[in-house]
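Chemist: Input file: work.tsv. Contents: TSV, C-alpha atoms.
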```
chain	number	residue	atom	x	y	z
A	28	MET	CA	10.72	-34.16	-47.16
A	29	THR	CA	13.33	-31.69	-45.94
A	30	SER	CA	12.90	-30.40	-42.39
A	31	ILE	CA	14.32	-27.76	-40.08
A	32	TRP	CA	15.47	-28.83	-36.61
A	33	VAL	CA	16.21	-26.20	-33.96
A	34	ASP	CA	18.48	-26.75	-30.98
A	35	ALA	CA	16.07	-24.61	-29.00
A	36	ASP	CA	17.48	-24.57	-25.47
A	37	ALA	CA	19.86	-21.72	-26.24
A	38	CYS	CA	18.37	-20.36	-29.47
A	39	PRO	CA	17.74	-16.62	-29.14
A	40	LYS	CA	14.11	-15.49	-29.24
A	41	ALA	CA	14.74	-13.17	-32.20
A	42	VAL	CA	16.13	-16.08	-34.23
A	43	LYS	CA	13.18	-18.29	-33.28
A	44	GLU	CA	10.83	-15.57	-34.55
A	45	VAL	CA	12.65	-15.55	-37.90
A	46	ILE	CA	12.37	-19.34	-38.06
A	47	TYR	CA	8.63	-19.26	-37.28
A	48	ARG	CA	7.93	-16.76	-40.06
A	49	ALA	CA	10.05	-18.65	-42.56
A	50	ALA	CA	8.52	-22.04	-41.68
A	51	ARG	CA	5.00	-20.71	-42.19
A	52	ARG	CA	5.88	-18.89	-45.40
A	53	ALA	CA	7.75	-21.87	-46.90
A	54	GLN	CA	5.42	-24.48	-45.37
A	55	MET	CA	8.51	-26.25	-44.04
A	56	ASN	CA	8.22	-28.79	-41.24
A	57	THR	CA	10.11	-27.29	-38.31
A	58	THR	CA	10.74	-28.89	-34.93
A	59	LEU	CA	12.22	-27.14	-31.92
A	60	ILE	CA	13.86	-29.59	-29.54
A	61	ALA	CA	14.66	-28.66	-25.95
A	62	ASN	CA	14.73	-30.09	-22.46
A	63	GLN	CA	12.23	-27.50	-21.31
A	64	MET	CA	8.65	-26.76	-22.31
A	65	LEU	CA	8.49	-24.39	-25.30
A	66	MET	CA	5.67	-22.24	-26.56
A	67	THR	CA	5.39	-22.15	-30.33
A	68	PRO	CA	2.92	-20.27	-32.49
A	69	PRO	CA	-0.04	-22.20	-33.83
A	70	SER	CA	0.97	-23.70	-37.16
A	71	ALA	CA	0.70	-27.02	-38.91
A	72	PHE	CA	4.41	-26.66	-39.76
A	73	ILE	CA	5.88	-25.80	-36.35
A	74	LYS	CA	6.09	-28.08	-33.35
A	75	ALA	CA	8.10	-28.39	-30.16
A	76	LEU	CA	9.51	-31.57	-28.69
A	77	GLN	CA	10.54	-31.69	-25.06
A	78	VAL	CA	13.24	-34.24	-24.19
A	79	PRO	CA	14.45	-35.24	-20.71
A	80	ALA	CA	17.08	-33.08	-19.04
A	81	GLY	CA	20.64	-34.27	-19.40
A	82	LEU	CA	23.89	-33.66	-21.17
A	83	ASP	CA	23.43	-33.72	-24.96
A	84	VAL	CA	19.95	-35.31	-24.78
A	85	ALA	CA	18.45	-32.70	-27.14
A	86	ASP	CA	21.50	-32.86	-29.42
A	87	ASN	CA	21.31	-36.64	-29.64
A	88	GLU	CA	17.60	-36.49	-30.47
A	89	ILE	CA	18.24	-34.01	-33.28
A	90	VAL	CA	20.99	-36.20	-34.76
A	91	ARG	CA	18.80	-39.30	-34.44
A	92	ARG	CA	15.88	-37.69	-36.29
A	93	LEU	CA	17.60	-35.69	-39.03
A	94	VAL	CA	18.13	-37.02	-42.52
A	95	ALA	CA	20.66	-35.88	-45.10
A	96	GLY	CA	19.69	-32.49	-46.48
A	97	ASP	CA	17.83	-31.34	-43.35
A	98	LEU	CA	18.80	-28.06	-41.73
A	99	VAL	CA	19.78	-27.77	-38.07
A	100	VAL	CA	19.93	-24.36	-36.40
A	101	THR	CA	22.45	-24.46	-33.57
A	102	ALA	CA	25.32	-22.59	-31.98
A	103	ASP	CA	26.62	-25.90	-30.57
A	104	ILE	CA	29.75	-26.77	-32.55
A	105	PRO	CA	29.94	-30.44	-31.47
A	106	LEU	CA	26.31	-30.88	-32.58
A	107	ALA	CA	27.07	-29.08	-35.86
A	108	ALA	CA	29.97	-31.47	-36.48
A	109	GLN	CA	27.65	-34.47	-36.04
A	110	VAL	CA	25.04	-32.89	-38.33
A	111	VAL	CA	27.57	-32.23	-41.09
A	112	ALA	CA	28.98	-35.77	-40.73
A	113	LYS	CA	25.47	-37.16	-41.21
A	114	GLY	CA	24.88	-35.12	-44.38
A	115	GLY	CA	22.78	-32.38	-42.81
A	116	LEU	CA	23.32	-28.65	-43.00
A	117	ALA	CA	24.05	-26.61	-39.89
A	118	LEU	CA	23.51	-22.88	-39.52
A	119	ASN	CA	24.29	-20.87	-36.42
A	120	PRO	CA	22.07	-18.04	-35.11
A	121	ARG	CA	24.49	-15.46	-36.54
A	122	GLY	CA	23.90	-16.73	-40.08
A	123	GLU	CA	27.19	-18.60	-40.43
A	124	TRP	CA	27.23	-22.07	-42.00
A	125	TYR	CA	29.11	-24.98	-40.53
A	126	THR	CA	30.63	-26.96	-43.41
A	127	GLN	CA	32.87	-29.95	-44.06
A	128	GLU	CA	35.64	-27.41	-44.64
A	129	ASN	CA	35.31	-25.42	-41.41
A	130	VAL	CA	33.60	-27.52	-38.73
A	131	GLN	CA	36.68	-29.46	-37.59
A	132	SER	CA	38.79	-26.32	-37.14
A	133	LEU	CA	35.91	-24.63	-35.30
A	134	LEU	CA	35.59	-27.70	-33.08
A	135	SER	CA	39.34	-27.69	-32.36
A	136	MET	CA	39.23	-24.00	-31.43
A	137	ARG	CA	36.19	-24.57	-29.22
A	138	ASN	CA	37.96	-27.43	-27.42
A	139	PHE	CA	41.11	-25.33	-26.96
A	140	MET	CA	39.09	-22.46	-25.47
A	141	GLN	CA	37.31	-24.94	-23.17
A	142	GLU	CA	40.70	-26.20	-21.94
A	143	LEU	CA	41.73	-22.61	-21.20
A	144	ARG	CA	38.51	-21.98	-19.26
A	145	ASP	CA	38.92	-25.26	-17.37
A	146	SER	CA	42.42	-24.18	-16.32
A	147	GLY	CA	41.03	-20.93	-14.91
A	148	THR	CA	41.87	-18.57	-17.77
A	149	GLN	CA	39.25	-15.91	-18.36
A	150	THR	CA	38.43	-16.06	-22.07
A	151	GLY	CA	35.26	-14.00	-22.22
A	152	GLY	CA	32.31	-15.14	-24.22
A	153	PRO	CA	30.87	-14.41	-27.61
A	154	ALA	CA	29.59	-10.95	-28.39
A	155	ALA	CA	25.89	-10.34	-27.77
A	156	LEU	CA	23.64	-11.21	-30.69
A	157	SER	CA	23.04	-8.05	-32.70
A	158	ALA	CA	20.25	-6.99	-35.05
A	159	ARG	CA	22.79	-7.39	-37.87
A	160	ASP	CA	23.45	-11.00	-36.77
A	161	VAL	CA	19.71	-11.75	-36.82
A	162	GLN	CA	19.44	-10.21	-40.30
A	163	GLN	CA	22.38	-12.30	-41.53
A	164	PHE	CA	20.64	-15.39	-40.14
A	165	ALA	CA	17.37	-14.45	-41.86
A	166	ASN	CA	19.17	-13.89	-45.16
A	167	ALA	CA	21.01	-17.23	-44.96
A	168	LEU	CA	17.79	-19.06	-44.09
A	169	ASP	CA	15.90	-17.36	-46.94
A	170	ARG	CA	18.63	-18.28	-49.46
A	171	TRP	CA	18.53	-21.92	-48.29
A	172	LEU	CA	14.72	-22.04	-48.51
A	173	ALA	CA	14.84	-20.54	-52.02
A	174	LYS	CA	17.35	-23.21	-53.06
A	175	ILE	CA	15.10	-25.96	-51.65
A	176	LYS	CA	12.06	-24.50	-53.43
A	177	SER	CA	13.89	-24.32	-56.77
A	178	ARG	CA	14.72	-28.05	-56.53
A	179	ASN	CA	11.05	-29.02	-56.14
```
Represent the structure contained in this file as structure tokens.

Modeler:
Amino acid sequence: MTSIWVDADACPKAVKEVIYRAARRAQMNTTLIANQMLMTPPSAFIKALQVPAGLDVADNEIVRRLVAGDLVVTADIPLAAQVVAKGGLALNPRGEWYTQENVQSLLSMRNFMQELRDSGTQTGGPAALSARDVQQFANALDRWLAKIKSRN
């Protein structure tokens, strides 16, 4: 059965709310994984899994548990690259898909920007998540869920 996995440590609250509603509506098993305790709404389809603190512990747990065709919600490009390589789908909180075609160039750009930051260059960060971003995420998630439903 297809599942949704959420890299929940840095997932915005507004995006989590969209995921909760969609999981209940679609009756889709959804697991939020983080290295901190998470509160989730009561639902047979939504659960939280706390992993130990540490670099990439949550990411590694997501990759270990996902199967081809599962969806992972993350803004973490290295995690998205692993998900895509394993046959999963990766969607960021702004509603943009990571794909075989774009994930390696996104990873290269991320690594380049990290090198700049490490050398002391001020690069700024991503723009704040907007209501439009959340709506784009909701639309992308709904389209994916509709595609899954039509297959069954």

Chemist: For Val90 in chain A, which residue among A:Gln109, A:Gln162, A:Gln54, A:Ser146 is the nearest when counting all atoms listed in the file?

Modeler: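 Under the stated criterion, the closest residue is A:Gln109.
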
Chemist: Show me the residues around (17.3, -37.7, -43.7) - criterion: an atom at most 10 Å away, all atoms listed in the file counted - as an NGL selection string.

Modeler: :A and (28-30 or 90-98 or 113-115)

Chemist: Identify, on the basis of only C-alpha atoms, every residue whose closest approach to Asp83 in chain A does not exceed 12 Å; exclude the query and any residue fewer than 5 positions from it along the same chain; express the result as a PDB file with C-alpha atoms, in the frame of the given file.

Modeler:
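File selection_35.pdb, as written:
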```pdb
ATOM      1  CA  ASP A  34      18.480 -26.750 -30.980  1.00  0.00           C
ATOM      2  CA  ASP A  36      17.480 -24.570 -25.470  1.00  0.00           C
ATOM      3  CA  ILE A  60      13.860 -29.590 -29.540  1.00  0.00           C
ATOM      4  CA  ALA A  61      14.660 -28.660 -25.950  1.00  0.00           C
ATOM      5  CA  ASN A  62      14.730 -30.090 -22.460  1.00  0.00           C
ATOM      6  CA  VAL A  78      13.240 -34.240 -24.190  1.00  0.00           C
ATOM      7  CA  GLU A  88      17.600 -36.490 -30.470  1.00  0.00           C
ATOM      8  CA  ILE A  89      18.240 -34.010 -33.280  1.00  0.00           C
ATOM      9  CA  VAL A  90      20.990 -36.200 -34.760  1.00  0.00           C
ATOM     10  CA  ARG A  91      18.800 -39.300 -34.440  1.00  0.00           C
ATOM     11  CA  ASP A 103      26.620 -25.900 -30.570  1.00  0.00           C
ATOM     12  CA  PRO A 105      29.940 -30.440 -31.470  1.00  0.00           C
ATOM     13  CA  LEU A 106      26.310 -30.880 -32.580  1.00  0.00           C
ATOM     14  CA  GLN A 109      27.650 -34.470 -36.040  1.00  0.00           C
TER      15      GLN A 109
END
```

Chemist: What's the separation between CA of Ala154 in chain A and CA of Leu65 in chain A, in Å to one decimal place?

Modeler: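 Interatomic distance here is 25.2 Å.
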
Chemist: At what distance in Å, to one decimal, does CA of Ala108 in chain A lie from CA of Leu134 in chain A?

Modeler: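 Going from CA of Leu134 in chain A over to CA of Ala108 in chain A covers 7.6 Å.
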
Chemist: Taking all atoms listed in the file into account, name the residue in A:Val45, A:Arg52, A:Arg121, A:Ile104 that is nearest to Lys176 in chain A.

Modeler: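 Between A:Val45, A:Arg52, A:Arg121, A:Ile104, the residue approaching Lys176 in chain A most closely is A:Arg52.
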
Chemist: Compare A:Asn87, A:Gln131, A:Asn119, A:Ser177 by their minimum atom-to-atom distance to Ala102 in chain A, counting all atoms listed in the file, and give me the closest one.

Modeler: A:Asn119

Chemist: Record the distance separating CA of Gln141 in chain A and CA of Ala107 in chain A, expressed in Å with one decimal.

Modeler: 16.8 Å

Chemist: Nearest to Ala85 in chain A among A:Tyr125, A:Tyr47, A:Trp32, A:Phe164, with distances taken over only C-alpha atoms: which residue is it?

Modeler: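 Of A:Tyr125, A:Tyr47, A:Trp32, A:Phe164, the one nearest Ala85 in chain A, counting only C-alpha atoms, is A:Trp32.
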
Chemist: Could you tell me which of A:Met64, A:Val130, A:Ala158, A:Leu76 comes closest to Ala112 in chain A if we count all atoms listed in the file?

Modeler: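 Looking only at the distances to Ala112 in chain A, the closest residue turns out to be A:Val130.
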
Chemist: How big is the axis-aligned box around the listed atoms of range 32-44 of chain A once 3 Å is added on each side, and where is its centre? Give both in Å to one decimal, as AutoDock Vina command-line options.

Modeler:
```
--center_x 15.3 --center_y -21.0 --center_z -31.0 --size_x 15.0 --size_y 21.7 --size_z 17.1
```

Chemist: Would you pick out the contacts of Leu118 in chain A at 6 Å or less, using only C-alpha atoms, so that residues sharing its chain but fewer than 5 positions from it are not included, and give the list as a list in words?

Modeler: Val100, Glu123 and Trp124 of chain A

Chemist: Which one of A:Gly122, A:Pro153, A:Pro69, A:Pro79 sits closest to Trp171 in chain A if you count all atoms listed in the file?

Modeler: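 Smallest distance to Trp171 in chain A is found for A:Gly122.
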
Chemist: Give me the residues near Arg48 in chain A as a PyMOL selection string, where near means some atom within 12 Å (using all atoms listed in the file) and where sequence neighbours in that chain fewer than 3 positions away do not count.

Modeler: chain A and resi 41-45+51-55+57+67-70+72-73+165+168-169

Chemist: Leaving out Leu59 in chain A and any residue of its chain fewer than 6 positions from it, which residues lie within 6 Å of it when counting only C-alpha atoms, given as a list in words?

Modeler: Trp32, Val33, Ala35 and Ala75 of chain A
